[in-house]
Amino acid sequence: MDFKDYHLMSDEELAELCKSYDDTALDTLIKRMESVIANCVLSFSDSRFEKEDLMQEGMVACFRAVLSYDGGKGASFRTYAAVCIKNALKNFVKKKDNFFISADKDFVPLEDETSDGATAEDEYISSENYKNLRESLEKVLSQTEYSVFSLFVDGMSYSEIAEKTGQSVKGVDGALQRVRKKLKSIM
């Protein structure tokens with residue numbers, strides 16, 4: 001399929017192709033979603049947070065929305081992704097505010113926005129799609145970045161990741177910042 005055909009596909013079709021390890025579909029879908037991410041970021045931007053940090057957080061949330069989207073649930077991908085991005089930004093701002101208030105608290109990773117009631121088959125398919133997307137990330141991230149990102153997406157806090165990898169919390173934060181920049185550059 002040539003590149004033009006991707007632009008004719010719906011967001012939902014692209015999301016399904018992303019789950020089958022299609023990098024061009026992922027690139028096309030993320031580019032389409034940049035304006036949605038930017039609109040979500042506008043409602044959260046103030047002097048406390050850099051727009052770039054919020055955009056990166058929005059990109060990660062959009063990537064996670066691709067992984068968890070289920071077209072059979074009735075929502076369009078764009079609507080689903082916007083909700084995921086807004087929730088992720090709310091969590092980011094809340095955790096960042098808590099971090100500023102109490103220096104010993106770490107950021108807690110984003111909550112999984114998938115809906116309840118998935119069947120065992122749905123869970124298996126989702127895990128396979130997730131595995132394929134993680135394999136594509138291994139190609140662009142360093143071993144350390146991939147390890148830190150994997151633990152972060154799996155729900156570990158910064159301090160838990162630091163303990164598991166032998167890095168400092170600041171080192172974990174730096175690795176995640178590099179991951180976000182690389183994700184932004186490839187998406």
# chains A, B, ... in the order shown; residues from 1 in each chain; ligands from 1
>>> residues_around(residues="Ala61 (chain A)", least_positions_apart="4", cutoff="8 Å", atoms="only C-alpha atoms", output="number ranges by chain")
A: 57, 65, 81, 84-85, 88
>>> closest_atom_pairs(of="region 41-85 of chain A", to="region 152-158 of chain A", cutoff="12 Å", atoms="only C-alpha atoms", output="CSV")
residue,atom,partner,partner_atom,distance
A:Val60,CA,A:Val153,CA,9.5
A:Ala61,CA,A:Val153,CA,10.2
A:Phe63,CA,A:Val153,CA,10.8
A:Arg64,CA,A:Val153,CA,8.6
A:Leu67,CA,A:Val153,CA,11.3
>>> atom_distance(atom1="CA of Phe77 (chain A)", atom2="CA of Tyr21 (chain A)")
17.6 Å
>>> closest_residue(among="A:Leu17, A:Thr165, A:Glu138, A:Tyr80", to="Leu151 (chain A)", atoms="only C-alpha atoms")
A:Thr165
>>> residues_around(residues="Gln56 (chain A)", least_positions_apart="6", cutoff="9 Å", atoms="only C-alpha atoms", output="number ranges by chain")
A: 177, 180-181, 183-184
>>> residues_around(residues="Lys51 (chain A)", least_positions_apart="3", cutoff="12 Å", atoms="only C-alpha atoms", output="MDAnalysis selection string")
chainID A and resid 37:48 54:58 89 93
>>> write_last_selection(atoms="all heavy atoms", output="compact mmCIF listing (two decimals), in the first residue's frame")
# COMPACT_ATOMS: atom_id res chain seq x y z
N ILE A 37 -3.81 16.99 20.41
CA ILE A 37 -2.89 17.09 21.55
C ILE A 37 -2.67 18.55 21.91
O ILE A 37 -2.76 18.94 23.08
CB ILE A 37 -1.55 16.37 21.26
CG1 ILE A 37 -1.78 14.87 21.07
CG2 ILE A 37 -0.53 16.64 22.36
CD1 ILE A 37 -0.62 14.13 20.46
N ALA A 38 -2.41 19.38 20.90
CA ALA A 38 -2.16 20.80 21.14
C ALA A 38 -3.39 21.47 21.78
O ALA A 38 -3.24 22.29 22.70
CB ALA A 38 -1.80 21.51 19.84
N ASN A 39 -4.59 21.12 21.32
CA ASN A 39 -5.81 21.69 21.93
C ASN A 39 -5.97 21.26 23.38
O ASN A 39 -6.38 22.06 24.22
CB ASN A 39 -7.05 21.30 21.11
CG ASN A 39 -7.16 22.08 19.83
OD1 ASN A 39 -6.64 23.18 19.71
ND2 ASN A 39 -7.83 21.51 18.86
N CYS A 40 -5.66 20.01 23.66
CA CYS A 40 -5.74 19.53 25.05
C CYS A 40 -4.72 20.26 25.92
O CYS A 40 -5.01 20.64 27.05
CB CYS A 40 -5.49 18.02 25.11
SG CYS A 40 -6.81 17.02 24.38
N VAL A 41 -3.54 20.48 25.38
CA VAL A 41 -2.47 21.15 26.12
C VAL A 41 -2.85 22.59 26.45
O VAL A 41 -2.54 23.09 27.53
CB VAL A 41 -1.13 21.07 25.34
CG1 VAL A 41 -0.12 22.07 25.86
CG2 VAL A 41 -0.57 19.66 25.39
N LEU A 42 -3.54 23.25 25.53
CA LEU A 42 -3.93 24.65 25.75
C LEU A 42 -4.72 24.83 27.04
O LEU A 42 -4.55 25.82 27.74
CB LEU A 42 -4.76 25.17 24.58
CG LEU A 42 -3.97 25.58 23.35
CD1 LEU A 42 -4.93 25.98 22.23
CD2 LEU A 42 -3.00 26.69 23.66
N SER A 43 -5.57 23.87 27.36
CA SER A 43 -6.38 24.01 28.56
C SER A 43 -5.59 23.76 29.85
O SER A 43 -6.08 24.04 30.93
CB SER A 43 -7.61 23.09 28.49
OG SER A 43 -7.21 21.75 28.43
N PHE A 44 -4.36 23.25 29.72
CA PHE A 44 -3.54 22.98 30.90
C PHE A 44 -2.33 23.88 31.01
O PHE A 44 -1.60 23.81 31.99
CB PHE A 44 -3.05 21.52 30.87
CG PHE A 44 -4.14 20.54 31.13
CD1 PHE A 44 -4.85 19.97 30.09
CD2 PHE A 44 -4.49 20.20 32.43
CE1 PHE A 44 -5.87 19.08 30.32
CE2 PHE A 44 -5.51 19.31 32.67
CZ PHE A 44 -6.21 18.74 31.61
N SER A 45 -2.08 24.70 30.01
CA SER A 45 -0.86 25.49 30.06
C SER A 45 -1.04 26.73 30.92
O SER A 45 -2.02 27.43 30.84
CB SER A 45 -0.40 25.87 28.65
OG SER A 45 -1.46 26.29 27.87
N ASP A 46 -0.08 26.92 31.79
CA ASP A 46 0.04 28.13 32.59
C ASP A 46 1.51 28.31 32.89
O ASP A 46 2.35 27.56 32.41
CB ASP A 46 -0.83 28.07 33.86
CG ASP A 46 -0.46 26.94 34.81
OD1 ASP A 46 0.70 26.50 34.79
OD2 ASP A 46 -1.33 26.50 35.56
N SER A 47 1.85 29.27 33.67
CA SER A 47 3.26 29.59 33.88
C SER A 47 4.03 28.50 34.61
O SER A 47 5.24 28.46 34.57
CB SER A 47 3.38 30.91 34.64
OG SER A 47 2.75 30.80 35.90
N ARG A 48 3.33 27.58 35.30
CA ARG A 48 4.03 26.53 36.05
C ARG A 48 4.61 25.44 35.16
O ARG A 48 5.54 24.76 35.54
CB ARG A 48 3.10 25.86 37.06
CG ARG A 48 2.59 26.77 38.13
CD ARG A 48 1.59 26.06 39.00
NE ARG A 48 0.47 25.66 38.14
CZ ARG A 48 -0.39 24.70 38.43
NH1 ARG A 48 -0.28 24.04 39.53
NH2 ARG A 48 -1.38 24.40 37.62
N LEU A 54 4.20 19.46 28.43
CA LEU A 54 2.80 19.03 28.29
C LEU A 54 2.57 18.34 26.95
O LEU A 54 1.85 17.34 26.87
CB LEU A 54 1.86 20.22 28.47
CG LEU A 54 1.83 20.85 29.87
CD1 LEU A 54 1.07 22.16 29.85
CD2 LEU A 54 1.24 19.89 30.88
N MET A 55 3.18 18.86 25.88
CA MET A 55 3.05 18.23 24.56
C MET A 55 3.65 16.83 24.58
O MET A 55 3.07 15.89 24.03
CB MET A 55 3.73 19.08 23.48
CG MET A 55 2.96 20.32 23.07
SD MET A 55 1.37 19.96 22.27
CE MET A 55 1.91 19.22 20.73
N GLN A 56 4.80 16.67 25.20
CA GLN A 56 5.44 15.35 25.27
C GLN A 56 4.56 14.39 26.05
O GLN A 56 4.39 13.23 25.65
CB GLN A 56 6.82 15.47 25.91
CG GLN A 56 7.83 16.15 25.03
CD GLN A 56 9.13 16.44 25.74
OE1 GLN A 56 9.28 16.19 26.92
NE2 GLN A 56 10.09 16.98 25.00
N GLU A 57 4.00 14.85 27.14
CA GLU A 57 3.11 14.01 27.94
C GLU A 57 1.87 13.64 27.12
O GLU A 57 1.40 12.50 27.16
CB GLU A 57 2.71 14.75 29.22
CG GLU A 57 2.21 13.85 30.29
CD GLU A 57 3.25 12.89 30.85
OE1 GLU A 57 4.45 13.21 30.86
OE2 GLU A 57 2.84 11.79 31.27
N GLY A 58 1.37 14.58 26.34
CA GLY A 58 0.25 14.32 25.46
C GLY A 58 0.58 13.31 24.38
O GLY A 58 -0.24 12.45 24.03
N LEU A 89 -2.95 14.41 31.05
CA LEU A 89 -2.47 15.74 31.42
C LEU A 89 -2.93 16.14 32.81
O LEU A 89 -2.18 16.75 33.57
CB LEU A 89 -2.91 16.77 30.38
CG LEU A 89 -2.23 16.64 29.01
CD1 LEU A 89 -2.89 17.56 27.98
CD2 LEU A 89 -0.75 16.90 29.10
N VAL A 93 -0.27 17.06 35.70
CA VAL A 93 -0.31 18.33 36.44
C VAL A 93 -0.47 18.06 37.93
O VAL A 93 0.22 18.65 38.76
CB VAL A 93 -1.43 19.24 35.90
CG1 VAL A 93 -1.69 20.41 36.82
CG2 VAL A 93 -1.09 19.72 34.49
>>> residues_around(residues="Gly171 (chain A)", least_positions_apart="3", cutoff="12 Å", atoms="only C-alpha atoms", output="PyMOL selection string")
chain A and resi 144-145+148+158-159+161-163+165-168+174-178
>>> select_by_dssp(residues="region 23-89 of chain A", states="helix (DSSP H, G or I)", output="JSON, numbers by chain")
{"A": [23, 24, 25, 26, 27, 28, 29, 30, 31, 32, 33, 34, 35, 36, 37, 38, 39, 40, 41, 42, 51, 52, 53, 54, 55, 56, 57, 58, 59, 60, 61, 62, 63, 64, 65, 66, 67, 68, 71, 72, 73, 77, 78, 79, 80, 81, 82, 83, 84, 85, 86, 87, 88, 89]}
>>> atom_distance(atom1="CA of Lys90 (chain A)", atom2="CA of Ile30 (chain A)")
20.5 Å
>>> atom_distance(atom1="CA of Lys164 (chain A)", atom2="CA of Ser150 (chain A)")
11.9 Å
>>> closest_residue(among="A:Cys62, A:Ala25, A:Val36, A:Val83", to="Met9 (chain A)", atoms="only C-alpha atoms")
A:Ala25
>>> closest_residue(among="A:Ser76, A:Ser68, A:Ala82, A:Met59", to="Glu13 (chain A)", atoms="only C-alpha atoms")
A:Ser76
